[in-house]
Amino acid sequence: MVVTRSDTLPIRVESDVVLVRQAVRKWAQELTFSLVDQTKMVTAASELARNTLTYGGGGSVLLEALDDGIRRGLRLTFEDQGPGIPDVALALTDGYTSGSGLGMGLSGSKRLVNEFEIDTQVGEGTRVKVTRWK
């Protein structure tokens with residue numbers, strides 16, 4: 001698999017969440033994703049960017065266009081240096097929230113993508129990597 005293009009965007013303030021959504025939509029369009037796949041990636045990106053800001057205290061997202069010969073994809077890696085997630089299994093349960101949300105951010109994002117990875121350490125931060133293939 002080859003990364004054909006990459007860019008990193010900060011997630012520090014509320015308006016950055018909007019910029020992340022716009023960038024993901026643009027990249028998904030350029031990769032000729034269907035409208036449904038564009039919407040799934042933008043929705044997942046929006047949820048994860050909001051989590052990065054709200055629970056992680058801010059961070060960044062790395063966007064990567066992928067090519068593995070037979071298919072193309074878009075990978076997003078969200079990182080923060082926040083408090084981490086003490087119980088990942090619980091955090092991935094529909095309806096669980098550590099704040100005031102609906103508890104669909106992580107679990108909902110996982111359902112919207114083809115690949116989902118989470119790496120978190122309490123007191124050190126969280127990295128969530130999602131990929132959607134065309």
# chains A, B, ... in the order shown; residues from 1 in each chain; ligands from 1
>>> closest_atom_pairs(of="segment 47-127 of chain A", to="segment 21-24 of chain A", cutoff="12 Å", atoms="only C-alpha atoms", output="JSON lines")
{"residue": "A:Glu47", "atom": "CA", "partner": "A:Arg21", "partner_atom": "CA", "distance": 9.6}
{"residue": "A:Leu48", "atom": "CA", "partner": "A:Arg21", "partner_atom": "CA", "distance": 10.3}
{"residue": "A:Ala49", "atom": "CA", "partner": "A:Arg21", "partner_atom": "CA", "distance": 8.5}
{"residue": "A:Arg50", "atom": "CA", "partner": "A:Arg21", "partner_atom": "CA", "distance": 10.4}
{"residue": "A:Val61", "atom": "CA", "partner": "A:Val24", "partner_atom": "CA", "distance": 10.3}
{"residue": "A:Leu62", "atom": "CA", "partner": "A:Val24", "partner_atom": "CA", "distance": 10.5}
{"residue": "A:Leu63", "atom": "CA", "partner": "A:Val24", "partner_atom": "CA", "distance": 7.8}
{"residue": "A:Glu64", "atom": "CA", "partner": "A:Val24", "partner_atom": "CA", "distance": 10.0}
{"residue": "A:Ala65", "atom": "CA", "partner": "A:Val24", "partner_atom": "CA", "distance": 10.5}
{"residue": "A:Gly73", "atom": "CA", "partner": "A:Val24", "partner_atom": "CA", "distance": 11.8}
{"residue": "A:Leu74", "atom": "CA", "partner": "A:Val24", "partner_atom": "CA", "distance": 8.6}
{"residue": "A:Arg75", "atom": "CA", "partner": "A:Val24", "partner_atom": "CA", "distance": 9.8}
{"residue": "A:Leu76", "atom": "CA", "partner": "A:Val24", "partner_atom": "CA", "distance": 8.7}
{"residue": "A:Thr77", "atom": "CA", "partner": "A:Val24", "partner_atom": "CA", "distance": 11.8}
>>> write_last_selection(atoms="all heavy atoms", output="CSV table (one decimal), in the first residue's frame")
chain,number,residue,atom,x,y,z
A,47,GLU,N,-17.4,13.3,14.0
A,47,GLU,CA,-17.5,12.7,15.3
A,47,GLU,C,-16.2,12.6,16.0
A,47,GLU,O,-16.0,12.9,17.1
A,47,GLU,CB,-18.2,11.3,15.2
A,47,GLU,CG,-19.6,11.3,14.8
A,47,GLU,CD,-20.5,12.0,15.9
A,47,GLU,OE1,-20.2,12.0,17.1
A,47,GLU,OE2,-21.6,12.5,15.5
A,48,LEU,N,-15.2,12.1,15.2
A,48,LEU,CA,-13.9,11.9,15.8
A,48,LEU,C,-13.1,13.2,16.1
A,48,LEU,O,-12.4,13.3,17.1
A,48,LEU,CB,-13.0,10.9,14.9
A,48,LEU,CG,-13.6,9.5,14.8
A,48,LEU,CD1,-12.9,8.7,13.8
A,48,LEU,CD2,-13.6,8.8,16.2
A,49,ALA,N,-13.3,14.2,15.2
A,49,ALA,CA,-12.7,15.5,15.4
A,49,ALA,C,-13.3,16.1,16.7
A,49,ALA,O,-12.6,16.7,17.5
A,49,ALA,CB,-12.9,16.4,14.2
A,50,ARG,N,-14.7,16.0,16.8
A,50,ARG,CA,-15.3,16.6,18.0
A,50,ARG,C,-14.8,15.9,19.3
A,50,ARG,O,-14.6,16.5,20.3
A,50,ARG,CB,-16.8,16.4,17.9
A,50,ARG,CG,-17.6,17.2,18.9
A,50,ARG,CD,-19.0,17.4,18.6
A,50,ARG,NE,-19.2,18.1,17.3
A,50,ARG,CZ,-19.0,19.4,17.0
A,50,ARG,NH1,-18.5,20.1,17.9
A,50,ARG,NH2,-19.2,19.9,15.8
A,61,VAL,N,-5.4,15.8,13.0
A,61,VAL,CA,-5.8,14.7,12.2
A,61,VAL,C,-4.9,14.6,11.0
A,61,VAL,O,-4.5,15.7,10.4
A,61,VAL,CB,-7.3,14.8,11.7
A,61,VAL,CG1,-7.5,16.1,10.9
A,61,VAL,CG2,-7.7,13.6,10.9
A,62,LEU,N,-4.4,13.4,10.7
A,62,LEU,CA,-3.6,13.2,9.5
A,62,LEU,C,-4.5,12.6,8.5
A,62,LEU,O,-5.1,11.5,8.7
A,62,LEU,CB,-2.4,12.2,9.9
A,62,LEU,CG,-1.6,11.7,8.7
A,62,LEU,CD1,-0.8,12.8,8.0
A,62,LEU,CD2,-0.7,10.6,9.2
A,63,LEU,N,-4.6,13.2,7.3
A,63,LEU,CA,-5.3,12.7,6.2
A,63,LEU,C,-4.3,12.0,5.2
A,63,LEU,O,-3.3,12.6,4.9
A,63,LEU,CB,-6.1,13.8,5.4
A,63,LEU,CG,-7.2,14.5,6.1
A,63,LEU,CD1,-6.7,15.6,7.0
A,63,LEU,CD2,-8.2,15.0,5.1
A,64,GLU,N,-4.7,10.8,4.7
A,64,GLU,CA,-3.8,10.1,3.8
A,64,GLU,C,-4.6,9.5,2.7
A,64,GLU,O,-5.6,8.7,3.0
A,64,GLU,CB,-3.0,9.0,4.5
A,64,GLU,CG,-2.0,9.5,5.6
A,64,GLU,CD,-1.4,8.4,6.4
A,64,GLU,OE1,-2.2,7.7,7.1
A,64,GLU,OE2,-0.2,8.3,6.2
A,65,ALA,N,-4.3,9.8,1.5
A,65,ALA,CA,-4.9,9.1,0.3
A,65,ALA,C,-4.0,7.8,0.1
A,65,ALA,O,-2.8,7.9,0.1
A,65,ALA,CB,-4.8,10.0,-0.9
A,73,GLY,N,-8.1,4.5,-1.2
A,73,GLY,CA,-8.8,4.7,0.1
A,73,GLY,C,-8.4,6.0,0.7
A,73,GLY,O,-7.5,6.7,0.3
A,74,LEU,N,-9.1,6.3,1.8
A,74,LEU,CA,-8.8,7.5,2.6
A,74,LEU,C,-8.7,7.1,4.0
A,74,LEU,O,-9.6,6.4,4.6
A,74,LEU,CB,-10.0,8.5,2.4
A,74,LEU,CG,-9.9,9.8,3.2
A,74,LEU,CD1,-8.6,10.6,2.9
A,74,LEU,CD2,-11.1,10.7,2.9
A,75,ARG,N,-7.5,7.4,4.6
A,75,ARG,CA,-7.2,7.1,6.0
A,75,ARG,C,-7.1,8.3,6.8
A,75,ARG,O,-6.4,9.3,6.4
A,75,ARG,CB,-6.0,6.2,6.1
A,75,ARG,CG,-5.6,5.9,7.6
A,75,ARG,CD,-4.5,4.8,7.7
A,75,ARG,NE,-3.3,5.3,7.0
A,75,ARG,CZ,-2.4,4.4,6.6
A,75,ARG,NH1,-2.5,3.1,6.6
A,75,ARG,NH2,-1.3,4.9,6.0
A,76,LEU,N,-7.8,8.4,8.0
A,76,LEU,CA,-7.7,9.5,8.9
A,76,LEU,C,-7.2,9.0,10.2
A,76,LEU,O,-7.7,8.0,10.7
A,76,LEU,CB,-9.1,10.1,9.1
A,76,LEU,CG,-10.0,10.4,7.8
A,76,LEU,CD1,-11.4,10.8,8.2
A,76,LEU,CD2,-9.3,11.5,7.0
A,77,THR,N,-6.2,9.7,10.7
A,77,THR,CA,-5.6,9.4,12.0
A,77,THR,C,-5.8,10.6,13.0
A,77,THR,O,-5.1,11.6,12.7
A,77,THR,CB,-4.2,9.0,11.9
A,77,THR,OG1,-4.0,7.9,10.9
A,77,THR,CG2,-3.6,8.5,13.2
>>> residues_around(residues="Thr120 of chain A", least_positions_apart="4", cutoff="8 Å", atoms="only C-alpha atoms", output="list in words")
Gly84, Ile85, Glu124, Gly125, Thr126 and Arg127 of chain A
>>> write_last_selection(atoms="N, CA, C and O atoms", output="PDB file, in the first residue's frame")
ATOM      1  N   GLY A  84      -6.882  10.035  27.785  1.00  0.00           N
ATOM      2  CA  GLY A  84      -6.995   8.638  27.370  1.00  0.00           C
ATOM      3  C   GLY A  84      -8.361   8.072  27.724  1.00  0.00           C
ATOM      4  O   GLY A  84      -9.185   8.725  28.353  1.00  0.00           O
ATOM      5  N   ILE A  85      -8.595   6.837  27.299  1.00  0.00           N
ATOM      6  CA  ILE A  85      -9.879   6.172  27.530  1.00  0.00           C
ATOM      7  C   ILE A  85      -9.620   4.976  28.436  1.00  0.00           C
ATOM      8  O   ILE A  85      -8.968   4.016  28.029  1.00  0.00           O
ATOM      9  N   GLU A 124      -2.005   9.627  28.730  1.00  0.00           N
ATOM     10  CA  GLU A 124      -1.087   9.919  27.618  1.00  0.00           C
ATOM     11  C   GLU A 124      -1.781  10.349  26.334  1.00  0.00           C
ATOM     12  O   GLU A 124      -1.184  11.011  25.511  1.00  0.00           O
ATOM     13  N   GLY A 125      -3.026   9.935  26.143  1.00  0.00           N
ATOM     14  CA  GLY A 125      -3.736  10.342  24.941  1.00  0.00           C
ATOM     15  C   GLY A 125      -4.320   9.186  24.167  1.00  0.00           C
ATOM     16  O   GLY A 125      -4.246   8.023  24.574  1.00  0.00           O
ATOM     17  N   THR A 126      -4.890   9.528  23.019  1.00  0.00           N
ATOM     18  CA  THR A 126      -5.612   8.565  22.195  1.00  0.00           C
ATOM     19  C   THR A 126      -5.295   8.794  20.732  1.00  0.00           C
ATOM     20  O   THR A 126      -5.162   9.932  20.282  1.00  0.00           O
ATOM     21  N   ARG A 127      -5.187   7.689  19.988  1.00  0.00           N
ATOM     22  CA  ARG A 127      -5.055   7.750  18.533  1.00  0.00           C
ATOM     23  C   ARG A 127      -6.135   6.838  17.946  1.00  0.00           C
ATOM     24  O   ARG A 127      -6.228   5.672  18.299  1.00  0.00           O
TER      25      ARG A 127
END
>>> select_by_dssp(residues="segment 2-122 of chain A", states="helix (DSSP H, G or I)", output="ChimeraX atom specification")
/A:14-30,35-54,88-91,105-112
>>> closest_residue(among="A:Gly108, A:Thr32, A:Ala91, A:Val128", to="Arg71 of chain A", atoms="only C-alpha atoms")
A:Thr32
>>> atom_distance(atom1="atom CA of Gln81 of chain A", atom2="atom CA of Gly58 of chain A")
7.8 Å
>>> closest_residue(among="A:Leu92, A:Thr4, A:Lys134, A:Pro86", to="Glu117 of chain A", atoms="only C-alpha atoms")
A:Leu92
>>> closest_residue(among="A:Val3, A:Val88, A:Val42, A:Val13", to="Ile118 of chain A", atoms="only C-alpha atoms")
A:Val88
>>> closest_residue(among="A:Asn114, A:Thr43, A:Gly82, A:Leu53", to="Ser15 of chain A", atoms="only C-alpha atoms")
A:Leu53
>>> atom_distance(atom1="atom CA of Leu31 of chain A", atom2="atom CA of Ala45 of chain A")
16.1 Å
>>> atom_distance(atom1="atom CA of Gly123 of chain A", atom2="atom CA of Val18 of chain A")
27.3 Å
